[in-house]
Each structure stands twice: as C-alpha cells, then as structure tokens.
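Text of upload-v9.pdb (PDB, C-alpha atoms and all ligand atoms) as supplied:
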ATOM      1  CA  MET A  23      73.261 143.871 119.593  1.00  0.00           C
ATOM      2  CA  LEU A  24      70.368 146.006 118.376  1.00  0.00           C
ATOM      3  CA  PRO A  25      67.184 146.461 120.456  1.00  0.00           C
ATOM      4  CA  GLU A  26      64.759 143.686 119.540  1.00  0.00           C
ATOM      5  CA  SER A  27      61.617 144.097 117.434  1.00  0.00           C
ATOM      6  CA  PRO A  28      58.000 143.832 118.649  1.00  0.00           C
ATOM      7  CA  GLU A  29      57.742 140.557 116.703  1.00  0.00           C
ATOM      8  CA  ALA A  30      60.766 139.085 118.489  1.00  0.00           C
ATOM      9  CA  TYR A  31      59.449 140.135 121.891  1.00  0.00           C
ATOM     10  CA  TYR A  32      56.029 138.626 121.135  1.00  0.00           C
ATOM     11  CA  ALA A  33      57.516 135.426 119.677  1.00  0.00           C
ATOM     12  CA  ARG A  34      59.293 134.680 122.950  1.00  0.00           C
ATOM     13  CA  ILE A  35      55.994 134.880 124.842  1.00  0.00           C
ATOM     14  CA  ALA A  36      54.230 132.815 122.178  1.00  0.00           C
ATOM     15  CA  SER A  37      56.861 130.065 122.528  1.00  0.00           C
ATOM     16  CA  HIS A  38      55.773 129.591 126.168  1.00  0.00           C
ATOM     17  CA  LEU A  39      52.031 129.216 125.491  1.00  0.00           C
ATOM     18  CA  GLY A  40      50.269 126.123 126.732  1.00  0.00           C
ATOM     19  CA  PRO A  41      46.878 124.625 125.837  1.00  0.00           C
ATOM     20  CA  GLU A  42      44.312 127.113 124.402  1.00  0.00           C
ATOM     21  CA  GLY A  43      47.088 129.684 123.946  1.00  0.00           C
ATOM     22  CA  ARG A  44      47.410 130.370 127.666  1.00  0.00           C
ATOM     23  CA  LEU A  45      50.496 131.076 129.781  1.00  0.00           C
ATOM     24  CA  ALA A  46      50.841 129.329 133.138  1.00  0.00           C
ATOM     25  CA  VAL A  47      50.218 131.468 136.241  1.00  0.00           C
ATOM     26  CA  ALA A  48      53.622 132.478 137.685  1.00  0.00           C
ATOM     27  CA  VAL A  49      53.036 131.103 141.182  1.00  0.00           C
ATOM     28  CA  GLU A  50      56.656 131.792 142.190  1.00  0.00           C
ATOM     29  CA  GLU A  51      56.239 135.506 141.320  1.00  0.00           C
ATOM     30  CA  MET A  52      53.672 138.163 142.278  1.00  0.00           C
ATOM     31  CA  PRO A  53      50.624 135.841 142.041  1.00  0.00           C
ATOM     32  CA  GLY A  54      52.127 133.849 144.908  1.00  0.00           C
ATOM     33  CA  TRP A  55      52.721 136.878 147.172  1.00  0.00           C
ATOM     34  CA  ASP A  56      50.434 137.711 150.077  1.00  0.00           C
ATOM     35  CA  ILE A  57      49.747 141.152 148.536  1.00  0.00           C
ATOM     36  CA  TYR A  58      48.219 139.565 145.418  1.00  0.00           C
ATOM     37  CA  PRO A  59      44.399 139.832 145.589  1.00  0.00           C
ATOM     38  CA  TYR A  60      43.466 136.460 144.101  1.00  0.00           C
ATOM     39  CA  GLU A  61      44.076 132.896 145.286  1.00  0.00           C
ATOM     40  CA  VAL A  62      46.455 131.101 142.930  1.00  0.00           C
ATOM     41  CA  GLU A  63      44.338 127.914 142.749  1.00  0.00           C
ATOM     42  CA  SER A  64      41.454 129.892 141.209  1.00  0.00           C
ATOM     43  CA  LEU A  65      43.533 131.720 138.602  1.00  0.00           C
ATOM     44  CA  ARG A  66      43.714 131.168 134.851  1.00  0.00           C
ATOM     45  CA  LEU A  67      45.309 133.628 132.420  1.00  0.00           C
ATOM     46  CA  LYS A  68      43.336 134.707 129.362  1.00  0.00           C
ATOM     47  CA  PRO A  69      44.553 133.298 126.025  1.00  0.00           C
ATOM     48  CA  LEU A  70      47.209 135.538 124.451  1.00  0.00           C
ATOM     49  CA  LEU A  71      45.791 137.718 121.657  1.00  0.00           C
ATOM     50  CA  PRO A  72      47.658 138.174 118.340  1.00  0.00           C
ATOM     51  CA  LEU A  73      50.221 140.963 118.021  1.00  0.00           C
ATOM     52  CA  ALA A  74      48.457 144.161 116.879  1.00  0.00           C
ATOM     53  CA  GLY A  75      49.487 145.601 113.529  1.00  0.00           C
ATOM     54  CA  SER A  76      50.213 148.978 115.144  1.00  0.00           C
ATOM     55  CA  GLU A  77      49.529 151.006 118.272  1.00  0.00           C
ATOM     56  CA  PRO A  78      45.978 152.439 118.039  1.00  0.00           C
ATOM     57  CA  PRO A  79      45.594 156.249 118.118  1.00  0.00           C
ATOM     58  CA  ARG A  80      44.578 157.625 121.522  1.00  0.00           C
ATOM     59  CA  ARG A  81      42.119 160.406 122.409  1.00  0.00           C
ATOM     60  CA  GLY A  82      43.721 163.783 121.615  1.00  0.00           C
ATOM     61  CA  GLU A  83      46.562 162.353 119.548  1.00  0.00           C
ATOM     62  CA  ASP A  84      46.021 165.316 117.189  1.00  0.00           C
ATOM     63  CA  PRO A  85      46.527 168.447 119.373  1.00  0.00           C
ATOM     64  CA  ALA A  86      43.798 170.259 117.401  1.00  0.00           C
ATOM     65  CA  GLU A  87      41.279 167.632 118.586  1.00  0.00           C
ATOM     66  CA  CYS A  88      42.536 167.361 122.193  1.00  0.00           C
ATOM     67  CA  TRP A  89      40.494 168.910 125.022  1.00  0.00           C
ATOM     68  CA  CYS A  90      43.334 171.390 125.606  1.00  0.00           C
ATOM     69  CA  ALA A  91      42.667 173.099 122.247  1.00  0.00           C
ATOM     70  CA  SER A  92      39.619 174.789 123.806  1.00  0.00           C
ATOM     71  CA  VAL A  93      41.798 176.148 126.647  1.00  0.00           C
ATOM     72  CA  ALA A  94      44.084 177.923 124.192  1.00  0.00           C
ATOM     73  CA  GLU A  95      41.102 179.449 122.368  1.00  0.00           C
ATOM     74  CA  GLY A  96      38.986 180.303 125.442  1.00  0.00           C
ATOM     75  CA  PRO A  97      39.160 183.163 127.972  1.00  0.00           C
ATOM     76  CA  ALA A  98      42.264 183.408 130.181  1.00  0.00           C
ATOM     77  CA  ASN A  99      42.312 180.793 132.979  1.00  0.00           C
ATOM     78  CA  ALA A 100      39.057 179.171 131.766  1.00  0.00           C
ATOM     79  CA  LEU A 101      38.996 175.385 132.169  1.00  0.00           C
ATOM     80  CA  PRO A 102      37.140 172.731 130.169  1.00  0.00           C
ATOM     81  CA  GLU A 103      34.126 171.182 131.902  1.00  0.00           C
ATOM     82  CA  HIS A 104      35.911 168.027 133.049  1.00  0.00           C
ATOM     83  CA  LEU A 105      38.451 170.095 135.015  1.00  0.00           C
ATOM     84  CA  GLU A 106      36.062 172.662 136.560  1.00  0.00           C
ATOM     85  CA  GLY A 107      35.833 170.751 139.866  1.00  0.00           C
ATOM     86  CA  PHE A 108      39.604 170.952 140.243  1.00  0.00           C
ATOM     87  CA  VAL A 109      41.329 170.472 143.575  1.00  0.00           C
ATOM     88  CA  TRP A 110      44.289 172.752 142.922  1.00  0.00           C
ATOM     89  CA  ARG A 111      45.677 174.716 139.969  1.00  0.00           C
ATOM     90  CA  ASN A 112      48.251 177.214 138.865  1.00  0.00           C
ATOM     91  CA  GLU A 113      48.649 178.804 135.414  1.00  0.00           C
ATOM     92  CA  ARG A 114      50.204 175.672 133.911  1.00  0.00           C
ATOM     93  CA  TRP A 115      48.823 172.663 135.827  1.00  0.00           C
ATOM     94  CA  VAL A 116      45.516 171.365 137.197  1.00  0.00           C
ATOM     95  CA  LEU A 117      45.044 168.660 139.855  1.00  0.00           C
ATOM     96  CA  THR A 118      41.691 166.857 139.981  1.00  0.00           C
ATOM     97  CA  ALA A 119      40.247 164.255 142.381  1.00  0.00           C
ATOM     98  CA  ASP A 120      38.083 161.250 141.505  1.00  0.00           C
ATOM     99  CA  LEU A 121      35.161 161.459 143.937  1.00  0.00           C
ATOM    100  CA  ALA A 122      33.652 158.047 143.053  1.00  0.00           C
ATOM    101  CA  GLN A 123      36.269 155.464 143.967  1.00  0.00           C
ATOM    102  CA  SER A 124      37.509 153.266 146.810  1.00  0.00           C
ATOM    103  CA  LEU A 125      40.942 154.623 147.880  1.00  0.00           C
ATOM    104  CA  PRO A 126      41.434 157.515 150.362  1.00  0.00           C
ATOM    105  CA  VAL A 127      42.534 159.685 147.451  1.00  0.00           C
ATOM    106  CA  PHE A 128      42.981 159.303 143.671  1.00  0.00           C
ATOM    107  CA  LEU A 129      44.332 162.445 141.998  1.00  0.00           C
ATOM    108  CA  THR A 130      45.222 163.306 138.400  1.00  0.00           C
ATOM    109  CA  LEU A 131      47.733 165.999 137.421  1.00  0.00           C
ATOM    110  CA  VAL A 132      47.557 167.486 133.894  1.00  0.00           C
ATOM    111  CA  PRO A 133      49.239 170.421 132.150  1.00  0.00           C
ATOM    112  CA  VAL A 134      46.572 172.852 130.892  1.00  0.00           C
ATOM    113  CA  ALA A 135      48.495 175.421 128.859  1.00  0.00           C
ATOM    114  CA  THR A 136      50.621 173.001 126.828  1.00  0.00           C
ATOM    115  CA  HIS A 137      49.694 169.919 124.809  1.00  0.00           C
ATOM    116  CA  CYS A 138      52.313 167.241 125.415  1.00  0.00           C
ATOM    117  CA  ASP A 139      52.780 163.693 126.643  1.00  0.00           C
ATOM    118  CA  LEU A 140      55.531 162.616 129.036  1.00  0.00           C
ATOM    119  CA  PRO A 141      58.158 161.978 126.298  1.00  0.00           C
ATOM    120  CA  THR A 142      57.377 165.358 124.712  1.00  0.00           C
ATOM    121  CA  ALA A 143      57.078 167.628 127.794  1.00  0.00           C
ATOM    122  CA  PRO A 144      59.179 170.784 127.276  1.00  0.00           C
ATOM    123  CA  PRO A 145      62.070 171.261 129.744  1.00  0.00           C
ATOM    124  CA  ASP A 146      60.515 174.078 131.802  1.00  0.00           C
ATOM    125  CA  LEU A 147      57.284 172.145 132.255  1.00  0.00           C
ATOM    126  CA  ALA A 148      59.242 168.967 133.058  1.00  0.00           C
ATOM    127  CA  ALA A 149      61.226 170.803 135.752  1.00  0.00           C
ATOM    128  CA  GLU A 150      58.055 172.126 137.382  1.00  0.00           C
ATOM    129  CA  MET A 151      56.432 168.676 137.094  1.00  0.00           C
ATOM    130  CA  GLY A 152      59.243 167.195 139.170  1.00  0.00           C
ATOM    131  CA  GLN A 153      58.670 169.720 141.931  1.00  0.00           C
ATOM    132  CA  LEU A 154      54.905 169.154 141.818  1.00  0.00           C
ATOM    133  CA  ILE A 155      55.311 165.371 142.002  1.00  0.00           C
ATOM    134  CA  VAL A 156      57.335 165.821 145.190  1.00  0.00           C
ATOM    135  CA  ALA A 157      54.893 168.310 146.740  1.00  0.00           C
ATOM    136  CA  ILE A 158      51.745 166.308 145.831  1.00  0.00           C
ATOM    137  CA  SER A 159      53.364 163.128 147.149  1.00  0.00           C
ATOM    138  CA  ALA A 160      54.156 164.827 150.462  1.00  0.00           C
ATOM    139  CA  ALA A 161      50.606 166.165 150.743  1.00  0.00           C
ATOM    140  CA  VAL A 162      49.050 162.744 150.001  1.00  0.00           C
ATOM    141  CA  GLU A 163      51.292 161.001 152.555  1.00  0.00           C
ATOM    142  CA  ALA A 164      50.303 163.621 155.159  1.00  0.00           C
ATOM    143  CA  LEU A 165      46.719 162.269 155.042  1.00  0.00           C
ATOM    144  CA  PRO A 166      46.087 160.177 158.187  1.00  0.00           C
ATOM    145  CA  SER A 167      44.373 157.386 156.221  1.00  0.00           C
ATOM    146  CA  VAL A 168      47.227 157.063 153.682  1.00  0.00           C
ATOM    147  CA  GLY A 169      50.247 154.853 154.343  1.00  0.00           C
ATOM    148  CA  ARG A 170      52.062 155.498 151.052  1.00  0.00           C
ATOM    149  CA  VAL A 171      51.540 157.453 147.838  1.00  0.00           C
ATOM    150  CA  GLN A 172      51.751 155.565 144.539  1.00  0.00           C
ATOM    151  CA  LEU A 173      52.445 157.346 141.228  1.00  0.00           C
ATOM    152  CA  ALA A 174      51.389 156.175 137.764  1.00  0.00           C
ATOM    153  CA  LYS A 175      51.675 157.254 134.139  1.00  0.00           C
ATOM    154  CA  TRP A 176      49.714 154.912 131.867  1.00  0.00           C
ATOM    155  CA  GLY A 177      48.594 157.034 128.945  1.00  0.00           C
ATOM    156  CA  ASP A 178      47.055 154.235 126.872  1.00  0.00           C
ATOM    157  CA  GLY A 179      43.692 156.019 126.548  1.00  0.00           C
ATOM    158  CA  GLY A 180      44.502 159.713 126.269  1.00  0.00           C
ATOM    159  CA  ALA A 181      47.483 161.309 124.511  1.00  0.00           C
ATOM    160  CA  HIS A 182      47.515 164.420 126.733  1.00  0.00           C
ATOM    161  CA  LEU A 183      49.947 163.963 129.644  1.00  0.00           C
ATOM    162  CA  HIS A 184      48.198 162.846 132.844  1.00  0.00           C
ATOM    163  CA  LEU A 185      49.828 161.510 136.011  1.00  0.00           C
ATOM    164  CA  ALA A 186      47.907 159.580 138.679  1.00  0.00           C
ATOM    165  CA  PHE A 187      48.555 159.772 142.445  1.00  0.00           C
ATOM    166  CA  LEU A 188      47.000 156.952 144.482  1.00  0.00           C
ATOM    167  CA  GLY A 189      46.796 156.919 148.267  1.00  0.00           C
ATOM    168  CA  ARG A 190      47.480 153.406 149.560  1.00  0.00           C
ATOM    169  CA  PRO A 191      45.383 152.937 152.733  1.00  0.00           C
ATOM    170  CA  ALA A 192      47.442 153.182 155.938  1.00  0.00           C
ATOM    171  CA  ARG A 193      48.249 149.939 157.797  1.00  0.00           C
ATOM    172  CA  VAL A 194      46.417 147.736 155.287  1.00  0.00           C
ATOM    173  CA  LEU A 195      49.635 145.933 154.463  1.00  0.00           C
ATOM    174  CA  GLN A 196      47.911 143.525 152.071  1.00  0.00           C
ATOM    175  CA  PHE A 197      47.338 146.511 149.717  1.00  0.00           C
ATOM    176  CA  ARG A 198      51.051 147.325 149.322  1.00  0.00           C
ATOM    177  CA  GLY A 199      52.750 147.430 145.940  1.00  0.00           C
ATOM    178  CA  SER A 200      51.494 147.244 142.370  1.00  0.00           C
ATOM    179  CA  PRO A 201      48.374 145.070 143.037  1.00  0.00           C
ATOM    180  CA  LEU A 202      46.764 148.075 144.805  1.00  0.00           C
ATOM    181  CA  LEU A 203      44.597 148.926 141.803  1.00  0.00           C
ATOM    182  CA  ASP A 204      43.341 145.343 141.519  1.00  0.00           C
ATOM    183  CA  TRP A 205      42.292 145.493 145.162  1.00  0.00           C
ATOM    184  CA  ALA A 206      40.721 148.934 144.625  1.00  0.00           C
ATOM    185  CA  GLU A 207      38.465 147.601 141.855  1.00  0.00           C
ATOM    186  CA  ASN A 208      36.834 145.310 144.434  1.00  0.00           C
ATOM    187  CA  LEU A 209      36.635 147.623 147.482  1.00  0.00           C
ATOM    188  CA  PRO A 210      33.544 149.648 148.451  1.00  0.00           C
ATOM    189  CA  ASP A 211      33.568 153.309 147.403  1.00  0.00           C
ATOM    190  CA  VAL A 212      34.636 155.869 150.011  1.00  0.00           C
ATOM    191  CA  PRO A 213      31.740 158.335 150.693  1.00  0.00           C
ATOM    192  CA  GLU A 214      31.983 161.443 148.497  1.00  0.00           C
ATOM    193  CA  ASP A 215      32.164 163.863 151.454  1.00  0.00           C
ATOM    194  CA  VAL A 216      35.159 161.931 152.856  1.00  0.00           C
ATOM    195  CA  LEU A 217      36.922 161.961 149.459  1.00  0.00           C
ATOM    196  CA  SER A 218      36.223 165.684 149.101  1.00  0.00           C
ATOM    197  CA  ALA A 219      37.623 166.426 152.581  1.00  0.00           C
ATOM    198  CA  ASN A 220      40.745 164.364 151.796  1.00  0.00           C
ATOM    199  CA  ALA A 221      41.192 166.216 148.484  1.00  0.00           C
ATOM    200  CA  THR A 222      40.824 169.554 150.290  1.00  0.00           C
ATOM    201  CA  PHE A 223      43.477 168.522 152.801  1.00  0.00           C
ATOM    202  CA  VAL A 224      45.896 167.656 149.971  1.00  0.00           C
ATOM    203  CA  ALA A 225      45.108 170.866 148.050  1.00  0.00           C
ATOM    204  CA  GLU A 226      45.746 173.085 151.065  1.00  0.00           C
ATOM    205  CA  HIS A 227      49.037 171.326 151.855  1.00  0.00           C
ATOM    206  CA  LEU A 228      50.041 171.702 148.207  1.00  0.00           C
ATOM    207  CA  ALA A 229      49.119 175.389 148.027  1.00  0.00           C
ATOM    208  CA  ALA A 230      51.115 176.034 151.201  1.00  0.00           C
ATOM    209  CA  ALA A 231      54.142 174.316 149.650  1.00  0.00           C
ATOM    210  CA  VAL A 232      54.116 175.612 146.068  1.00  0.00           C
ATOM    211  CA  GLY A 233      51.475 178.377 145.862  1.00  0.00           C
ATOM    212  CA  GLY A 234      48.635 178.151 143.361  1.00  0.00           C
ATOM    213  CA  GLU A 235      44.892 178.118 143.935  1.00  0.00           C
ATOM    214  CA  VAL A 236      42.728 175.657 145.881  1.00  0.00           C
ATOM    215  CA  GLY A 237      39.621 174.698 143.861  1.00  0.00           C
ATOM    216  CA  PRO A 238      36.265 176.323 144.691  1.00  0.00           C
ATOM    217  CA  GLU A 239      34.744 173.039 145.919  1.00  0.00           C
ATOM    218  CA  HIS A 240      37.793 172.264 148.007  1.00  0.00           C
ATOM    219  CA  VAL A 241      38.177 175.252 150.315  1.00  0.00           C
ATOM    220  CA  ALA A 242      37.728 174.062 153.911  1.00  0.00           C
ATOM    221  CA  SER A 243      34.820 175.746 155.714  1.00  0.00           C
TER     222      SER A 243
HETATM  223 ZN    ZN B   1      46.176 168.254 124.813  1.00  0.00          ZN
END
Please render this file's structure as structure tokens.
Ligand SMILES: [Zn+2]
Amino acid sequence: MLPESPEAYYARIASHLGPEGRLAVAVEEMPGWDIYPYEVESLRLKPLLPLAGSEPPRRGEDPAECWCASVAEGPANALPEHLEGFVWRNERWVLTADLAQSLPVFLTLVPVATHCDLPTAPPDLAAEMGQLIVAISAAVEALPSVGRVQLAKWGDGGAHLHLAFLGRPARVLQFRGSPLLDWAENLPDVPEDVLSANATFVAEHLAAAVGGEVGPEHVAS
C-alpha cells in the first residue's frame, strides 16, 4: 500500500464533520484530561477550512533572502540584530531567550553559519545539534523553577532551522504535556530580570558542559 495523498487524509476528516463543518470535541482524549486548559462543556472546534492548494512559502525559503545571508557576507562572528542579545553561542550555533513571556525559560537554538532546515541539516551540524539538545536540556532542567524541559520544532513560519526549549514550571502538574503552550498563552509574564537571570543560569551551565561563549547580557555579576 502506498502512502496516502493529502486529499485522502483530508477526506477522512471531512467525512466526520458535523453541523457547520465542525468536528465534535474529543472528550475521551486530551480535551478530557486534567492537564487540558479548557473546560470541555465550553469548547467548540472551529469549522474545518478547505484543503490548501499547496504549502505556502515561509520566511527565508530562498537562502539568499534568509537572515543568515547577512552573516555569510558580514564580518567574522558578527550576528544579525535579532540575535545580538544571545544567551550562548559558538561558531556554528546561537541560543537566544525570549524575555517577554510567561514560562521560567523559553529558548531558541539556531545554526548561524549554515542555512538549513531540520530535514536538510548536514551530518556534522546534525551530530553537534544532538549534543547541544542534550546539554541545553540538562541546563534547563537544572533551573530550580523548572520541572521538565520540553523541545519543539515547528518551522511553519521560518524556513531556517530553529528549535525551541520550553521550561515547564516545577510542581505545577496541571501544566504537564503538550497543552503547556496553551496554558502559557494565558499566564502572566515572568519579570524580565527573572527571565534574564534564568537564561544566564542556563548559559553558564551550557558553557561549562560544551564550551562556547555566554552572551554579553547574560554574564552573572
Ligand atoms: Zn537561513
């Protein structure tokens, strides 16, 4: 049997649609779990949209127009503006922290010297990525306010490889599992100085484990 087509996959969903083109909420699945943020009685799924004709192009799909093109043309070790506040870097990778969000830590790891996405990462970069994923995960889980690290690769907006590391708050058991981001959208932001201190903690653990440079704004005083 051959792998099925997008049309066949979509048609199966469409055959389950109810009134107004909506699916029923799967109360026996995740929406019924205690870690799901919303009460089942109040839920209604949005009507299913038509199948798109194709996948839309993402930012930086053409390497010449990706932010990394300026890194190749610029001075050695120079970073584009959006990476200047980095937490940690080496010659091939940069780790940044989001300092306006609600989890103890939200980090993004990107390759800086090579344009690729996850399916196109060259073997040497892929091997180093594996080691960095382990080391960053250990550093995030060493934070007192983190119970577990979560790792994500979405890549629906930007074509340049970027991995996300989320710190799930310690002992808040309701935030376990994949609904964490839905909870996070509704939580109050953590103060910037707390997020910066947490990022510094992770960066220094990471540098001790794998070398590299802690970012200028993230050196503990
Ligand atoms: Zn790129």
Would you write out, as a Markdown table, a table of all residues in chain A that have an atom no more than 9 Å from an atom of ligand ZN 1 (chain B), listing for each the closest atom pair and the distance in Å to one decimal, considering only C-alpha atoms and all ligand atoms and ordering rows by chain and rising residue number?
| residue | atom | partner | partner_atom | distance |
| --- | --- | --- | --- | --- |
| A:Gly82 | CA | B:ZN1 | ZN | 6.0 |
| A:Glu83 | CA | B:ZN1 | ZN | 7.9 |
| A:Asp84 | CA | B:ZN1 | ZN | 8.2 |
| A:Pro85 | CA | B:ZN1 | ZN | 5.5 |
| A:Ala86 | CA | B:ZN1 | ZN | 8.0 |
| A:Glu87 | CA | B:ZN1 | ZN | 7.9 |
| A:Cys88 | CA | B:ZN1 | ZN | 4.6 |
| A:Trp89 | CA | B:ZN1 | ZN | 5.7 |
| A:Cys90 | CA | B:ZN1 | ZN | 4.3 |
| A:Ala91 | CA | B:ZN1 | ZN | 6.5 |
| A:Pro133 | CA | B:ZN1 | ZN | 8.2 |
| A:Val134 | CA | B:ZN1 | ZN | 7.6 |
| A:Ala135 | CA | B:ZN1 | ZN | 8.6 |
| A:Thr136 | CA | B:ZN1 | ZN | 6.8 |
| A:His137 | CA | B:ZN1 | ZN | 3.9 |
| A:Cys138 | CA | B:ZN1 | ZN | 6.2 |
| A:Asp139 | CA | B:ZN1 | ZN | 8.2 |
| A:Gly180 | CA | B:ZN1 | ZN | 8.8 |
| A:Ala181 | CA | B:ZN1 | ZN | 7.1 |
| A:His182 | CA | B:ZN1 | ZN | 4.5 |
| A:Leu183 | CA | B:ZN1 | ZN | 7.5 |
Quick one: of A:Leu121, A:Ala186, A:Val132, A:Ala33, who's nearest to Gly107 of chain A, counting only C-alpha atoms?
->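 With only C-alpha atoms as the atom set, the closest residue is A:Leu121.
Computed from the coordinates, the atom CA of Val224 of chain A to atom CA of Glu239 of chain A distance equals 13.0 Å.
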Two-atom distance - atom CA of Val171 of chain A, atom CA of Leu188 of chain A (Å) =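 Distance between the two atoms: 5.7 Å.
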For atom CA of Gln153 of chain A and atom CA of Val194 of chain A, the interatomic separation in Å (one decimal) =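 So the answer is 28.5 Å.
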Which residue, A:Tyr32, A:Tyr60, A:Phe197, A:Phe187, has the smallest gap to Ala74 of chain A when you use all atoms listed in the file?
->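 Comparing A:Tyr32, A:Tyr60, A:Phe197, A:Phe187 against Ala74 of chain A, the winner is A:Tyr32.
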What are the centre and the three edge lengths of an axis-aligned box that wraps all atoms of segment 84-100 of chain A in the file, given that 8 Å is added to every side, written as JSON and rounded to one decimal in Å?
{"center_x": 42.8, "center_y": 174.4, "center_z": 125.1, "size_x": 23.5, "size_y": 34.1, "size_z": 31.8}
List, as a PyMOL selection string, every residue that the PyMOL selection byres (((chain A and resi 118) around 7) and not hetatm) selects in the file provided.
-> chain A and resi 105+108-109+116-117+119-120+129-131
Could you tell me which of A:Val168, A:Ala221, A:Val49, A:Ile35 comes closest to Leu195 of chain A if we count only C-alpha atoms?
->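 Checking each candidate against Leu195 of chain A, we get A:Val168 as the closest.
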